[in-house]
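Visitor: This one is data-v1.tsv, TSV, C-alpha atoms.
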```tsv
chain	number	residue	atom	x	y	z
A	1	MET	CA	0.00	0.00	0.00
A	2	ARG	CA	2.70	2.42	1.09
A	3	GLN	CA	4.88	1.49	-1.87
A	4	ASN	CA	1.95	2.21	-4.15
A	5	LEU	CA	1.54	5.63	-2.58
A	6	PHE	CA	5.23	6.41	-3.16
A	7	LYS	CA	4.94	5.22	-6.73
A	8	THR	CA	1.95	7.49	-7.32
A	9	ILE	CA	3.72	10.50	-5.83
A	10	PHE	CA	6.86	9.82	-7.84
A	11	PHE	CA	4.85	9.41	-11.03
A	12	THR	CA	2.95	12.66	-10.40
A	13	LEU	CA	6.18	14.56	-9.77
A	14	VAL	CA	7.71	13.22	-12.99
A	15	CYS	CA	4.58	14.27	-14.87
A	16	ILE	CA	4.65	17.78	-13.39
A	17	PHE	CA	8.34	18.09	-14.22
A	18	PHE	CA	7.80	17.15	-17.86
A	19	ILE	CA	4.66	19.24	-18.31
A	20	GLY	CA	6.35	22.22	-16.63
A	21	GLU	CA	9.34	21.80	-18.89
A	22	GLY	CA	7.23	21.71	-22.01
A	23	ALA	CA	5.16	24.76	-21.15
A	24	GLY	CA	6.72	27.43	-23.31
A	25	ALA	CA	10.32	27.05	-22.14
A	26	THR	CA	12.60	27.48	-25.12
A	27	GLU	CA	16.25	26.52	-25.22
A	28	GLN	CA	18.40	28.40	-27.72
A	29	PRO	CA	21.33	26.68	-29.47
A	30	ILE	CA	23.75	29.45	-28.47
A	31	GLN	CA	23.70	31.49	-25.25
A	32	TYR	CA	23.51	34.75	-27.18
A	33	ASN	CA	24.16	37.93	-25.20
A	34	HIS	CA	21.93	40.75	-26.44
A	35	TYR	CA	23.29	43.13	-23.77
A	36	LYS	CA	26.85	42.88	-25.00
A	37	HIS	CA	25.89	43.54	-28.61
A	38	THR	CA	23.32	46.30	-28.18
A	39	GLN	CA	24.49	48.07	-25.01
A	40	GLU	CA	28.27	47.56	-24.71
A	41	LEU	CA	29.06	47.54	-28.43
A	42	GLU	CA	26.13	49.84	-29.23
A	43	LEU	CA	25.13	47.94	-32.34
A	44	GLU	CA	21.74	48.70	-33.82
A	45	CYS	CA	19.04	46.02	-33.81
A	46	SER	CA	18.84	46.32	-37.58
A	47	MET	CA	22.46	45.28	-37.96
A	48	CYS	CA	21.46	41.63	-37.37
A	49	HIS	CA	17.65	41.72	-37.73
A	50	GLN	CA	18.12	43.11	-41.20
A	51	GLY	CA	14.53	43.39	-42.33
A	52	VAL	CA	13.32	45.45	-39.40
A	53	LYS	CA	13.45	48.86	-41.09
A	54	ASP	CA	12.53	48.17	-44.69
A	55	LYS	CA	10.78	44.78	-44.81
A	56	VAL	CA	7.59	43.29	-43.45
A	57	ARG	CA	9.54	40.74	-41.41
A	58	ALA	CA	12.43	41.63	-39.11
A	59	THR	CA	14.08	38.21	-39.74
A	60	ILE	CA	16.31	36.18	-37.44
A	61	PRO	CA	19.88	36.53	-38.72
A	62	SER	CA	21.41	33.68	-40.68
A	63	VAL	CA	24.81	32.28	-39.77
A	64	GLU	CA	26.34	34.32	-42.62
A	65	VAL	CA	25.46	37.52	-40.75
A	66	CYS	CA	27.12	36.29	-37.53
A	67	ILE	CA	30.25	35.12	-39.33
A	68	GLU	CA	30.86	38.58	-40.78
A	69	CYS	CA	32.19	39.62	-37.36
A	70	HIS	CA	32.92	36.23	-35.81
A	71	SER	CA	35.06	34.59	-38.51
A	72	GLU	CA	38.01	35.03	-36.17
A	73	PRO	CA	37.64	34.60	-32.38
A	74	VAL	CA	36.62	37.93	-30.80
A	75	THR	CA	36.33	36.57	-27.26
A	76	ASP	CA	37.37	33.32	-25.56
A	77	SER	CA	33.74	32.25	-25.06
A	78	PRO	CA	32.97	28.64	-26.00
A	79	GLU	CA	29.54	29.84	-27.21
A	80	GLU	CA	31.23	31.91	-29.89
A	81	GLU	CA	33.04	28.83	-31.16
A	82	LYS	CA	29.64	27.25	-31.90
A	83	ILE	CA	28.97	29.85	-34.61
A	84	ARG	CA	32.06	28.78	-36.53
A	85	GLU	CA	31.13	25.13	-36.03
A	86	PHE	CA	27.71	25.70	-37.57
A	87	TYR	CA	29.26	27.74	-40.36
A	88	SER	CA	31.94	25.17	-41.20
A	89	LYS	CA	29.27	22.44	-41.33
A	90	GLY	CA	27.27	24.65	-43.68
A	91	GLU	CA	24.31	24.59	-41.30
A	92	GLU	CA	22.03	27.36	-40.14
A	93	ILE	CA	21.91	28.05	-36.40
A	94	PRO	CA	18.59	26.56	-35.25
A	95	TRP	CA	17.40	29.69	-33.42
A	96	GLN	CA	14.00	29.29	-31.79
A	97	ARG	CA	11.53	32.07	-32.50
A	98	LEU	CA	9.96	33.57	-29.37
A	99	PHE	CA	7.78	36.29	-30.84
A	100	ARG	CA	5.12	35.16	-33.22
A	101	VAL	CA	1.83	36.64	-34.35
A	102	PRO	CA	-0.86	34.22	-35.51
A	103	GLU	CA	-1.13	33.37	-39.19
A	104	HIS	CA	-4.30	35.41	-39.57
A	105	VAL	CA	-2.56	38.65	-38.59
A	106	PHE	CA	-0.76	40.95	-40.99
A	107	PHE	CA	2.05	42.71	-39.17
A	108	SER	CA	4.60	44.85	-40.95
A	109	HIS	CA	7.81	45.81	-39.16
A	110	ARG	CA	8.65	48.62	-41.56
A	111	ARG	CA	5.23	50.21	-41.05
A	112	HIS	CA	5.65	50.22	-37.28
A	113	VAL	CA	9.37	50.93	-37.01
A	114	THR	CA	10.10	53.22	-39.94
A	115	VAL	CA	6.75	54.90	-40.72
A	116	ALA	CA	5.32	55.18	-37.20
A	117	GLY	CA	8.64	55.33	-35.34
A	118	ILE	CA	7.68	52.83	-32.63
A	119	GLU	CA	10.56	51.69	-30.42
A	120	CYS	CA	11.44	47.98	-30.36
A	121	GLU	CA	10.87	47.85	-26.57
A	122	ASN	CA	7.18	48.57	-27.01
A	123	CYS	CA	6.57	45.04	-28.22
A	124	HIS	CA	9.80	43.19	-27.45
A	125	GLY	CA	10.29	44.35	-23.86
A	126	ASP	CA	13.81	44.42	-22.48
A	127	MET	CA	15.09	41.85	-24.99
A	128	ALA	CA	17.99	44.13	-25.98
A	129	LYS	CA	19.22	44.20	-22.37
A	130	ARG	CA	19.19	40.46	-21.75
A	131	THR	CA	22.54	38.85	-21.08
A	132	LYS	CA	21.14	35.36	-21.67
A	133	PRO	CA	18.44	34.19	-24.05
A	134	PRO	CA	15.14	34.11	-22.16
A	135	SER	CA	13.20	30.85	-22.07
A	136	LYS	CA	10.10	32.65	-23.25
A	137	ALA	CA	9.24	35.99	-24.80
A	138	PRO	CA	9.91	38.83	-22.30
A	139	MET	CA	6.63	40.41	-23.33
A	140	LYS	CA	3.49	38.66	-24.45
A	141	ILE	CA	1.98	39.86	-27.70
A	142	SER	CA	-1.78	40.07	-27.48
A	143	MET	CA	-4.51	41.78	-29.47
A	144	ASN	CA	-5.40	43.88	-26.42
A	145	LYS	CA	-1.92	45.36	-26.42
A	146	CYS	CA	-2.08	46.04	-30.15
A	147	LEU	CA	-5.46	47.73	-29.77
A	148	ALA	CA	-4.44	49.79	-26.74
A	149	CYS	CA	-1.55	51.26	-28.70
A	150	HIS	CA	-3.62	51.71	-31.87
A	151	ARG	CA	-6.24	53.64	-29.89
A	152	LYS	CA	-3.65	55.76	-28.13
A	153	LEU	CA	-1.95	56.74	-31.38
A	154	GLN	CA	-5.27	56.95	-33.26
A	155	ALA	CA	-4.22	54.30	-35.74
A	156	LYS	CA	-6.86	52.20	-37.49
A	157	THR	CA	-8.76	49.68	-35.39
A	158	ASP	CA	-10.77	48.12	-38.23
A	159	CYS	CA	-10.60	44.32	-38.11
A	160	VAL	CA	-9.54	44.08	-41.74
A	161	SER	CA	-6.66	46.49	-41.25
A	162	CYS	CA	-4.68	43.74	-39.57
A	163	HIS	CA	-6.59	40.49	-39.89
A	164	ARG	CA	-6.73	38.47	-43.06
B	1	MET	CA	-11.64	58.12	-46.83
B	2	ALA	CA	-11.85	55.74	-49.72
B	3	LYS	CA	-14.94	53.63	-50.30
B	4	TRP	CA	-13.85	50.65	-52.33
B	5	GLY	CA	-16.28	49.48	-54.97
B	6	MET	CA	-16.46	47.37	-58.09
B	7	VAL	CA	-18.20	47.87	-61.41
B	8	ILE	CA	-18.96	44.88	-63.63
B	9	ASP	CA	-19.90	45.62	-67.23
B	10	LEU	CA	-22.21	42.80	-68.30
B	11	ASP	CA	-21.92	43.94	-71.91
B	12	LYS	CA	-18.21	43.20	-71.90
B	13	CYS	CA	-18.35	40.07	-69.73
B	14	SER	CA	-18.00	36.92	-71.84
B	15	ALA	CA	-18.69	34.59	-68.88
B	16	CYS	CA	-15.29	32.92	-69.32
B	17	GLN	CA	-15.02	32.47	-65.53
B	18	ALA	CA	-11.35	33.47	-65.40
B	19	CYS	CA	-12.30	35.67	-62.44
B	20	VAL	CA	-13.67	32.63	-60.61
B	21	VAL	CA	-10.44	30.69	-61.11
B	22	ALA	CA	-8.30	33.69	-60.14
B	23	CYS	CA	-10.33	34.09	-56.96
B	24	GLN	CA	-9.99	30.41	-56.02
B	25	ALA	CA	-6.22	30.54	-56.53
B	26	GLU	CA	-5.68	33.89	-54.79
B	27	ASN	CA	-7.74	33.14	-51.71
B	28	ASN	CA	-6.79	29.50	-51.02
B	29	ILE	CA	-10.29	28.25	-51.66
B	30	PRO	CA	-10.36	24.46	-51.30
B	31	ASN	CA	-11.02	22.25	-54.31
B	32	SER	CA	-14.57	21.04	-54.65
B	33	ASN	CA	-15.53	17.40	-55.05
B	34	PRO	CA	-18.67	15.73	-56.48
B	35	GLU	CA	-20.00	14.70	-53.05
B	36	SER	CA	-19.91	18.21	-51.59
B	37	ALA	CA	-21.25	19.63	-54.87
B	38	ALA	CA	-24.27	17.31	-54.66
B	39	LYS	CA	-25.00	18.71	-51.20
B	40	GLY	CA	-24.46	22.29	-52.34
B	41	ARG	CA	-21.51	22.69	-50.02
B	42	ASN	CA	-18.88	23.89	-52.46
B	43	ILE	CA	-17.18	27.12	-51.57
B	44	HIS	CA	-17.17	30.01	-54.04
B	45	TRP	CA	-16.26	33.55	-53.15
B	46	LEU	CA	-17.07	34.62	-56.67
B	47	GLU	CA	-19.69	32.65	-58.51
B	48	MET	CA	-21.44	32.84	-61.87
B	49	ILE	CA	-25.18	33.17	-61.36
B	50	PRO	CA	-27.23	31.99	-64.35
B	51	PHE	CA	-30.29	33.95	-65.42
B	52	ILE	CA	-32.57	32.50	-68.08
B	53	GLU	CA	-34.16	35.22	-70.13
B	54	GLU	CA	-37.02	35.33	-72.63
B	55	GLU	CA	-39.02	32.40	-73.90
B	56	TYR	CA	-38.53	29.66	-76.43
B	57	PRO	CA	-37.36	29.95	-79.18
B	58	ASN	CA	-35.47	33.09	-78.11
B	59	THR	CA	-34.24	31.70	-74.80
B	60	GLN	CA	-30.99	33.21	-73.59
B	61	MET	CA	-28.75	32.36	-70.73
B	62	LYS	CA	-27.09	35.27	-68.96
B	63	LEU	CA	-24.26	34.64	-66.51
B	64	VAL	CA	-23.61	37.28	-63.89
B	65	PRO	CA	-20.41	37.22	-61.80
B	66	ARG	CA	-21.36	37.64	-58.17
B	67	PRO	CA	-18.70	38.53	-55.60
B	68	CYS	CA	-19.62	39.79	-52.13
B	69	MET	CA	-21.60	43.02	-52.61
B	70	HIS	CA	-19.82	44.73	-49.68
B	71	CYS	CA	-23.09	46.47	-48.79
B	72	GLU	CA	-23.06	49.84	-47.05
B	73	HIS	CA	-25.76	48.42	-44.74
B	74	PRO	CA	-24.80	44.76	-44.57
B	75	PRO	CA	-27.47	42.48	-43.07
B	76	CYS	CA	-24.77	39.95	-42.12
B	77	ILE	CA	-23.05	42.13	-39.52
B	78	LYS	CA	-26.29	42.80	-37.68
B	79	VAL	CA	-26.84	39.13	-36.92
B	80	CYS	CA	-23.28	38.07	-36.05
B	81	PRO	CA	-23.25	37.37	-32.29
B	82	VAL	CA	-19.45	37.57	-31.97
B	83	GLY	CA	-18.53	40.46	-34.26
B	84	ALA	CA	-16.66	38.20	-36.65
B	85	THR	CA	-17.99	40.07	-39.64
B	86	GLN	CA	-17.69	43.86	-39.61
B	87	ILE	CA	-17.60	46.73	-42.05
B	88	SER	CA	-14.41	48.76	-42.10
B	89	SER	CA	-14.19	52.53	-42.41
B	90	GLU	CA	-13.25	52.00	-46.06
B	91	GLY	CA	-16.40	50.00	-46.73
B	92	ILE	CA	-14.91	46.52	-46.88
B	93	VAL	CA	-17.06	43.91	-45.16
B	94	GLY	CA	-14.50	41.61	-43.58
B	95	GLN	CA	-14.85	38.12	-42.24
B	96	ILE	CA	-12.48	37.33	-39.38
B	97	ASN	CA	-12.29	33.56	-39.42
B	98	ALA	CA	-10.41	33.27	-36.16
B	99	ARG	CA	-13.35	34.88	-34.38
B	100	CYS	CA	-16.15	33.05	-36.24
B	101	ILE	CA	-18.01	30.43	-34.22
B	102	GLY	CA	-19.75	28.93	-37.22
B	103	CYS	CA	-23.34	29.69	-36.22
B	104	ARG	CA	-24.19	30.51	-39.87
B	105	TYR	CA	-26.60	33.34	-38.98
B	106	CYS	CA	-24.79	35.54	-41.50
B	107	THR	CA	-25.10	32.86	-44.18
B	108	ALA	CA	-28.85	32.93	-43.67
B	109	ALA	CA	-29.05	36.72	-43.45
B	110	CYS	CA	-27.15	37.49	-46.65
B	111	PRO	CA	-29.68	38.10	-49.44
B	112	TYR	CA	-26.97	37.51	-52.08
B	113	THR	CA	-25.92	34.12	-50.62
B	114	VAL	CA	-22.25	35.05	-50.76
B	115	LYS	CA	-21.29	33.33	-47.53
B	116	SER	CA	-20.02	29.76	-47.49
B	117	PHE	CA	-19.64	27.49	-44.53
B	118	ASN	CA	-16.65	25.15	-44.24
B	119	TRP	CA	-18.33	21.81	-43.77
B	120	PHE	CA	-15.08	19.90	-44.14
B	121	LYS	CA	-11.42	20.36	-43.49
B	122	PRO	CA	-10.11	22.10	-46.62
B	123	GLN	CA	-8.61	19.72	-49.17
B	124	TRP	CA	-6.48	20.30	-52.22
B	125	ALA	CA	-5.41	18.07	-55.05
B	126	LYS	CA	-2.04	16.46	-54.32
B	127	GLY	CA	0.80	18.94	-54.63
B	128	MET	CA	-1.47	21.95	-54.76
B	129	GLU	CA	-1.20	22.62	-51.04
B	130	ARG	CA	2.33	23.83	-51.77
B	131	ALA	CA	0.97	26.48	-54.12
B	132	LEU	CA	-1.18	28.20	-51.50
B	133	ASN	CA	-1.04	31.96	-51.16
B	134	PRO	CA	0.85	32.78	-47.94
B	135	ASP	CA	-0.96	36.13	-47.66
B	136	VAL	CA	-4.33	34.51	-47.02
B	137	THR	CA	-5.09	32.31	-44.02
B	138	VAL	CA	-6.28	28.81	-44.74
B	139	ARG	CA	-9.68	28.44	-43.12
B	140	TYR	CA	-10.45	25.43	-40.98
B	141	ASN	CA	-13.72	23.58	-40.84
B	142	GLY	CA	-16.57	25.12	-38.86
B	143	VAL	CA	-16.13	28.74	-39.96
B	144	VAL	CA	-17.85	30.92	-42.54
B	145	GLU	CA	-15.90	32.58	-45.32
B	146	LYS	CA	-16.60	35.01	-48.12
B	147	CYS	CA	-15.11	37.45	-50.62
B	148	THR	CA	-13.06	40.16	-48.90
B	149	PHE	CA	-12.24	42.24	-52.02
B	150	CYS	CA	-8.77	40.67	-51.57
B	151	HIS	CA	-8.16	43.02	-48.65
B	152	HIS	CA	-4.78	41.39	-47.99
B	153	ARG	CA	-3.75	43.19	-51.18
B	154	LEU	CA	-4.91	46.48	-49.66
B	155	GLN	CA	-2.89	45.82	-46.52
B	156	LYS	CA	0.23	45.20	-48.60
B	157	ALA	CA	-0.42	48.11	-50.95
B	158	LYS	CA	-0.93	50.52	-48.04
B	159	ASP	CA	2.17	49.22	-46.31
B	160	LYS	CA	4.22	49.77	-49.46
B	161	ALA	CA	2.76	53.22	-50.17
B	162	ARG	CA	3.30	54.45	-46.60
B	163	TYR	CA	6.85	53.14	-46.58
B	164	GLU	CA	7.58	54.90	-49.86
B	165	GLY	CA	6.00	58.06	-48.42
B	166	ARG	CA	3.23	58.50	-50.97
B	167	GLU	CA	-0.54	58.28	-51.16
B	168	LEU	CA	-2.21	55.09	-52.34
B	169	GLY	CA	-2.56	55.34	-56.14
B	170	PRO	CA	-5.56	54.07	-58.13
B	171	ASP	CA	-3.65	51.06	-59.50
B	172	ASP	CA	-2.01	50.03	-56.22
B	173	TYR	CA	-4.91	47.95	-54.97
B	174	ILE	CA	-6.91	45.75	-57.34
B	175	PRO	CA	-8.54	42.42	-56.43
B	176	ALA	CA	-7.45	39.25	-58.24
B	177	CYS	CA	-10.68	38.92	-60.27
B	178	VAL	CA	-10.40	42.44	-61.68
B	179	GLN	CA	-6.73	41.97	-62.45
B	180	THR	CA	-7.45	38.74	-64.34
B	181	CYS	CA	-10.57	39.66	-66.36
B	182	PRO	CA	-9.43	39.19	-69.99
B	183	SER	CA	-12.26	41.23	-71.47
B	184	GLU	CA	-11.68	44.07	-68.98
B	185	ALA	CA	-15.29	43.95	-67.88
B	186	MET	CA	-14.45	44.57	-64.22
B	187	TYR	CA	-13.37	47.86	-62.72
B	188	PHE	CA	-12.27	48.55	-59.19
B	189	GLY	CA	-11.60	51.73	-57.31
B	190	ASP	CA	-12.73	54.43	-54.93
B	191	LEU	CA	-16.44	55.24	-55.21
B	192	ASP	CA	-15.98	58.29	-52.99
B	193	ASN	CA	-13.71	59.99	-55.50
B	194	PRO	CA	-16.08	61.46	-58.13
B	195	LYS	CA	-13.32	61.44	-60.75
B	196	SER	CA	-12.46	57.75	-60.40
B	197	LYS	CA	-13.36	55.37	-63.21
B	198	VAL	CA	-15.75	53.36	-61.02
B	199	ALA	CA	-17.57	56.47	-59.77
B	200	ILE	CA	-18.06	57.72	-63.34
B	201	LEU	CA	-19.36	54.31	-64.47
B	202	ALA	CA	-21.59	53.98	-61.39
B	203	ARG	CA	-23.37	57.19	-62.42
B	204	SER	CA	-24.08	55.94	-65.95
B	205	ARG	CA	-27.59	55.14	-67.17
B	206	ARG	CA	-26.75	51.46	-67.46
B	207	ALA	CA	-25.83	51.10	-63.78
B	208	PHE	CA	-27.90	48.90	-61.50
B	209	GLN	CA	-27.39	46.91	-58.31
B	210	LEU	CA	-28.61	43.47	-57.32
B	211	LEU	CA	-31.76	43.53	-55.13
B	212	GLU	CA	-31.60	47.32	-54.90
B	213	ASP	CA	-34.95	47.57	-53.12
B	214	LEU	CA	-33.62	45.82	-49.99
B	215	GLY	CA	-31.75	48.95	-48.99
B	216	THR	CA	-28.43	47.18	-48.50
B	217	HIS	CA	-26.64	49.67	-50.81
B	218	PRO	CA	-24.23	47.25	-52.47
B	219	LYS	CA	-20.84	48.57	-53.57
B	220	VAL	CA	-20.75	46.15	-56.50
B	221	ILE	CA	-22.46	47.91	-59.39
B	222	TYR	CA	-23.45	46.20	-62.62
B	223	LEU	CA	-23.74	47.82	-66.02
B	224	ASN	CA	-26.63	46.51	-68.06
B	225	GLU	CA	-26.26	45.12	-71.54
B	226	GLY	CA	-27.24	47.08	-74.62
B	227	VAL	CA	-29.09	50.38	-74.13
```
Let me see the structure of the file written as C-alpha cells.

Guide:
Amino acid sequence: MRQNLFKTIFFTLVCIFFIGEGAGATEQPIQYNHYKHTQELELECSMCHQGVKDKVRATIPSVEVCIECHSEPVTDSPEEEKIREFYSKGEEIPWQRLFRVPEHVFFSHRRHVTVAGIECENCHGDMAKRTKPPSKAPMKISMNKCLACHRKLQAKTDCVSCHR
Amino acid sequence: MAKWGMVIDLDKCSACQACVVACQAENNIPNSNPESAAKGRNIHWLEMIPFIEEEYPNTQMKLVPRPCMHCEHPPCIKVCPVGATQISSEGIVGQINARCIGCRYCTAACPYTVKSFNWFKPQWAKGMERALNPDVTVRYNGVVEKCTFCHHRLQKAKDKARYEGRELGPDDYIPACVQTCPSEAMYFGDLDNPKSKVAILARSRRAFQLLEDLGTHPKVIYLNEGV
C-alpha cells in the first residue's frame, strides 16, 4: 500500500516536471548575449535583424550575418566557437523564435518601425538588455496590447486592417 | 476616406469564368468534389449566377459574376453574435475567421448568398497545397468565409505606399478577379472619388445593383447590356 503511494507521488512529480518543462520554455542553441551587442558595443538592432526597417519581417539573422564579425575569435567564449562550427558544417543556427503573431494577422515591421517610429521595446520588452536568451518571450503579444496602442496613437482599429 | 467598390460591365463580360479561377487561386479556396457539390456545399467567393431570359425559341442564358456586394448596410453584420464580420471605415465587409463560431446566422441573413460554410477540413489536389497563397489564411472547418475584395492586397499596398512616403494610387490595390478579367469587364476603385473610373461608371444610365430595393446599398455595381 505504502509502496503504491510512493509510486503514485513519484509518477505525479515526474509528470509535473515534464509538463512544466514543455510549457513554453525554449532553449536556444547558443547562449547569445543581447546586452553585450546592443548596449556595450552599441550595435543597432537592424544590424542583425536586417529586415526590421525596410521589410515586413524583421528576420532572425542567418549564420552568414554572424560570421561577418565572428570569422576570427573575438572573445574566448565557448559559445562563440559554436557559430564557426555551424558555419563550417554549412548549417544554419537553429534559433527558436519567441515572438510570433498568428497566421491570420498581418504585421509589418517597416510600417511600425520606420513609418510610425515605434521603439522595439514597445513590443519586445527588455530583450535588448538580456545577457542570456530568455526561455520565453519577455513580453506577451496580445490583441489587447495592439489595440491599446492603436487607440492611443489613433491608428486604425478596423478588423480588416490587420486580420486576413 | 476611400470607399472601395467594383463595377462589372455585363456587356463586356463573356462569362469565361477566369475571375472565378483567379479568386480560387488567390484566396486559397479548397477544391470542390462531387459529393460536396451534390449537397451544395462547395465554396465560391465569386460565382457565376445563371439567369434565363425570354421564352422559347429566343431563350438566352445570362451569366452574372457575383462577388460579395460589400453592402453599405450589410445584413450579415447585424446578426453576427461575436462580431466576426464587420464593415471597415473603407467599406470593406470583412470576415475574421479566427473569431467566427460557425453559427451561420450571417449565411442565412445574406440576401446575395455570398457566404459559405466550411463543412469539411479544406482539401487540395495532391501537390497543390504547396501552391497556397501565404498572404491569405487557410480556413479550418466550422467557420464561414466570403469574398473580402482581396483586402490582404490592400494591406500590402498601403504598407508599401506608406513606406515609400506616398498616397495610395488608383492602381495600387486591385482584387485578383479584376486583375485577371481578360475582357476588362471589371473595374475597381474608390467610389468616394467622383473622378475615379468606377464612380463615373456607377453614375451611368446602365448602372444597377442586385436587389436594390432591400436597402443594402451594395458597392458592387453592374452595367446593363445594350441600351

Visitor: I need the contact residues of chain B against chain A, so if you could list those with any atom within 10 Å, counting all atoms listed in the file, and return them as a VMD selection string, that would help.

Guide: chain B and resid 83 to 90 92 to 98 134 to 139 148 150 to 156 158 to 165

Visitor: Report the distance between CA of Arg104 (chain B) and CA of Asn42 (chain B) in Å, rounded to one decimal place.

Guide: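 If I compute the distance from CA of Arg104 (chain B) to CA of Asn42 (chain B), I get 15.2 Å.
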
Visitor: Using only C-alpha atoms, which of the listed residues (A:Ala25, A:Cys69, A:Met139, A:Val63) sits closest to Lys89 (chain A)?

Guide: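 When distances to Lys89 (chain A) are compared using only C-alpha atoms, the smallest one comes from A:Val63.
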
Visitor: Could you tell me how far CA of Asn28 (chain B) sits from CA of Lys121 (chain B), in Å to one decimal place?

Guide: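 So the answer is 12.7 Å.
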
Visitor: Between A:Lys129, A:Ser142, A:Ile30, A:Lys152, single out the one closest to Glu85 (chain A), counting only C-alpha atoms.

Guide: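 Among the listed residues, A:Ile30 lies closest to Glu85 (chain A).
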
Visitor: Mind giving me the straight-line distance from CA of Pro133 (chain A) to CA of Ala148 (chain A) in Å, one decimal?

Guide: 27.8 Å

Visitor: Can you work out which one of B:Pro30, B:Pro218, B:Pro175, B:Gly91 has the shortest atom-to-atom distance to Cys147 (chain B), counting only C-alpha atoms?

Guide: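 Closest residue, counting only C-alpha atoms: B:Pro175.
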
Visitor: At a cut-off of 9 Å, using all atoms listed in the file, what residues contact Arg41 (chain B)? Leave out same-chain residues fewer than 3 positions from it and give the result as number ranges by chain.

Guide: B: 32, 35-38, 116-119

Visitor: When you count only C-alpha atoms, which of these residues is closest to His150 (chain A): A:Met127, A:Leu98, A:Ala137, A:Ile118?

Guide: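 Smallest distance to His150 (chain A) is found for A:Ile118.
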
Visitor: Calculated over all atoms listed in the file, which of the candidates B:Arg203, B:Lys12, B:Lys126, B:His217 has the smallest distance to Val64 (chain B)?

Guide: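 Checking each candidate against Val64 (chain B), we get B:Lys12 as the closest.
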
Visitor: For a quick check of understanding, using all atoms listed in the file, which of A:Glu27, A:Gly117, A:Ile141, A:Pro61 has the smallest distance to Leu153 (chain A)?

Guide: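 That would be A:Gly117, the residue with the smallest distance to Leu153 (chain A).
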
Visitor: Where atoms are missing, can you supply N, CA, C and O atoms for region 56-67 of chain B and output the lot as a PDB file, in the coordinates of the input?

Guide:
```
ATOM      1  N   TYR B  56     -38.833  30.439 -75.242  1.00  0.00           N
ATOM      2  CA  TYR B  56     -38.530  29.660 -76.430  1.00  0.00           C
ATOM      3  C   TYR B  56     -39.236  30.253 -77.634  1.00  0.00           C
ATOM      4  O   TYR B  56     -40.404  30.628 -77.515  1.00  0.00           O
ATOM      5  N   PRO B  57     -38.688  30.418 -78.768  1.00  0.00           N
ATOM      6  CA  PRO B  57     -37.360  29.950 -79.180  1.00  0.00           C
ATOM      7  C   PRO B  57     -36.247  30.974 -78.991  1.00  0.00           C
ATOM      8  O   PRO B  57     -35.154  30.788 -79.489  1.00  0.00           O
ATOM      9  N   ASN B  58     -36.507  32.052 -78.262  1.00  0.00           N
ATOM     10  CA  ASN B  58     -35.470  33.090 -78.110  1.00  0.00           C
ATOM     11  C   ASN B  58     -34.772  32.994 -76.750  1.00  0.00           C
ATOM     12  O   ASN B  58     -34.237  33.982 -76.268  1.00  0.00           O
ATOM     13  N   THR B  59     -34.808  31.845 -76.140  1.00  0.00           N
ATOM     14  CA  THR B  59     -34.240  31.700 -74.800  1.00  0.00           C
ATOM     15  C   THR B  59     -32.759  32.079 -74.778  1.00  0.00           C
ATOM     16  O   THR B  59     -32.013  31.706 -75.677  1.00  0.00           O
ATOM     17  N   GLN B  60     -32.399  32.807 -73.741  1.00  0.00           N
ATOM     18  CA  GLN B  60     -30.990  33.210 -73.590  1.00  0.00           C
ATOM     19  C   GLN B  60     -30.540  32.916 -72.179  1.00  0.00           C
ATOM     20  O   GLN B  60     -31.318  33.032 -71.254  1.00  0.00           O
ATOM     21  N   MET B  61     -29.311  32.551 -72.067  1.00  0.00           N
ATOM     22  CA  MET B  61     -28.750  32.360 -70.730  1.00  0.00           C
ATOM     23  C   MET B  61     -27.794  33.525 -70.461  1.00  0.00           C
ATOM     24  O   MET B  61     -26.923  33.816 -71.267  1.00  0.00           O
ATOM     25  N   LYS B  62     -27.997  34.179 -69.345  1.00  0.00           N
ATOM     26  CA  LYS B  62     -27.090  35.270 -68.960  1.00  0.00           C
ATOM     27  C   LYS B  62     -26.353  34.818 -67.705  1.00  0.00           C
ATOM     28  O   LYS B  62     -26.981  34.328 -66.767  1.00  0.00           O
ATOM     29  N   LEU B  63     -25.036  34.984 -67.692  1.00  0.00           N
ATOM     30  CA  LEU B  63     -24.260  34.640 -66.510  1.00  0.00           C
ATOM     31  C   LEU B  63     -23.743  35.924 -65.869  1.00  0.00           C
ATOM     32  O   LEU B  63     -23.129  36.747 -66.538  1.00  0.00           O
ATOM     33  N   VAL B  64     -24.018  36.061 -64.598  1.00  0.00           N
ATOM     34  CA  VAL B  64     -23.610  37.280 -63.890  1.00  0.00           C
ATOM     35  C   VAL B  64     -22.601  36.924 -62.814  1.00  0.00           C
ATOM     36  O   VAL B  64     -22.904  36.131 -61.920  1.00  0.00           O
ATOM     37  N   PRO B  65     -21.375  37.486 -62.882  1.00  0.00           N
ATOM     38  CA  PRO B  65     -20.410  37.220 -61.800  1.00  0.00           C
ATOM     39  C   PRO B  65     -20.879  37.878 -60.508  1.00  0.00           C
ATOM     40  O   PRO B  65     -21.283  39.039 -60.528  1.00  0.00           O
ATOM     41  N   ARG B  66     -20.845  37.122 -59.439  1.00  0.00           N
ATOM     42  CA  ARG B  66     -21.360  37.640 -58.170  1.00  0.00           C
ATOM     43  C   ARG B  66     -20.341  37.495 -57.041  1.00  0.00           C
ATOM     44  O   ARG B  66     -20.242  36.458 -56.411  1.00  0.00           O
ATOM     45  N   PRO B  67     -19.555  38.548 -56.793  1.00  0.00           N
ATOM     46  CA  PRO B  67     -18.700  38.530 -55.600  1.00  0.00           C
ATOM     47  C   PRO B  67     -19.533  38.974 -54.398  1.00  0.00           C
ATOM     48  O   PRO B  67     -20.746  39.149 -54.525  1.00  0.00           O
TER      49      PRO B  67
END
```
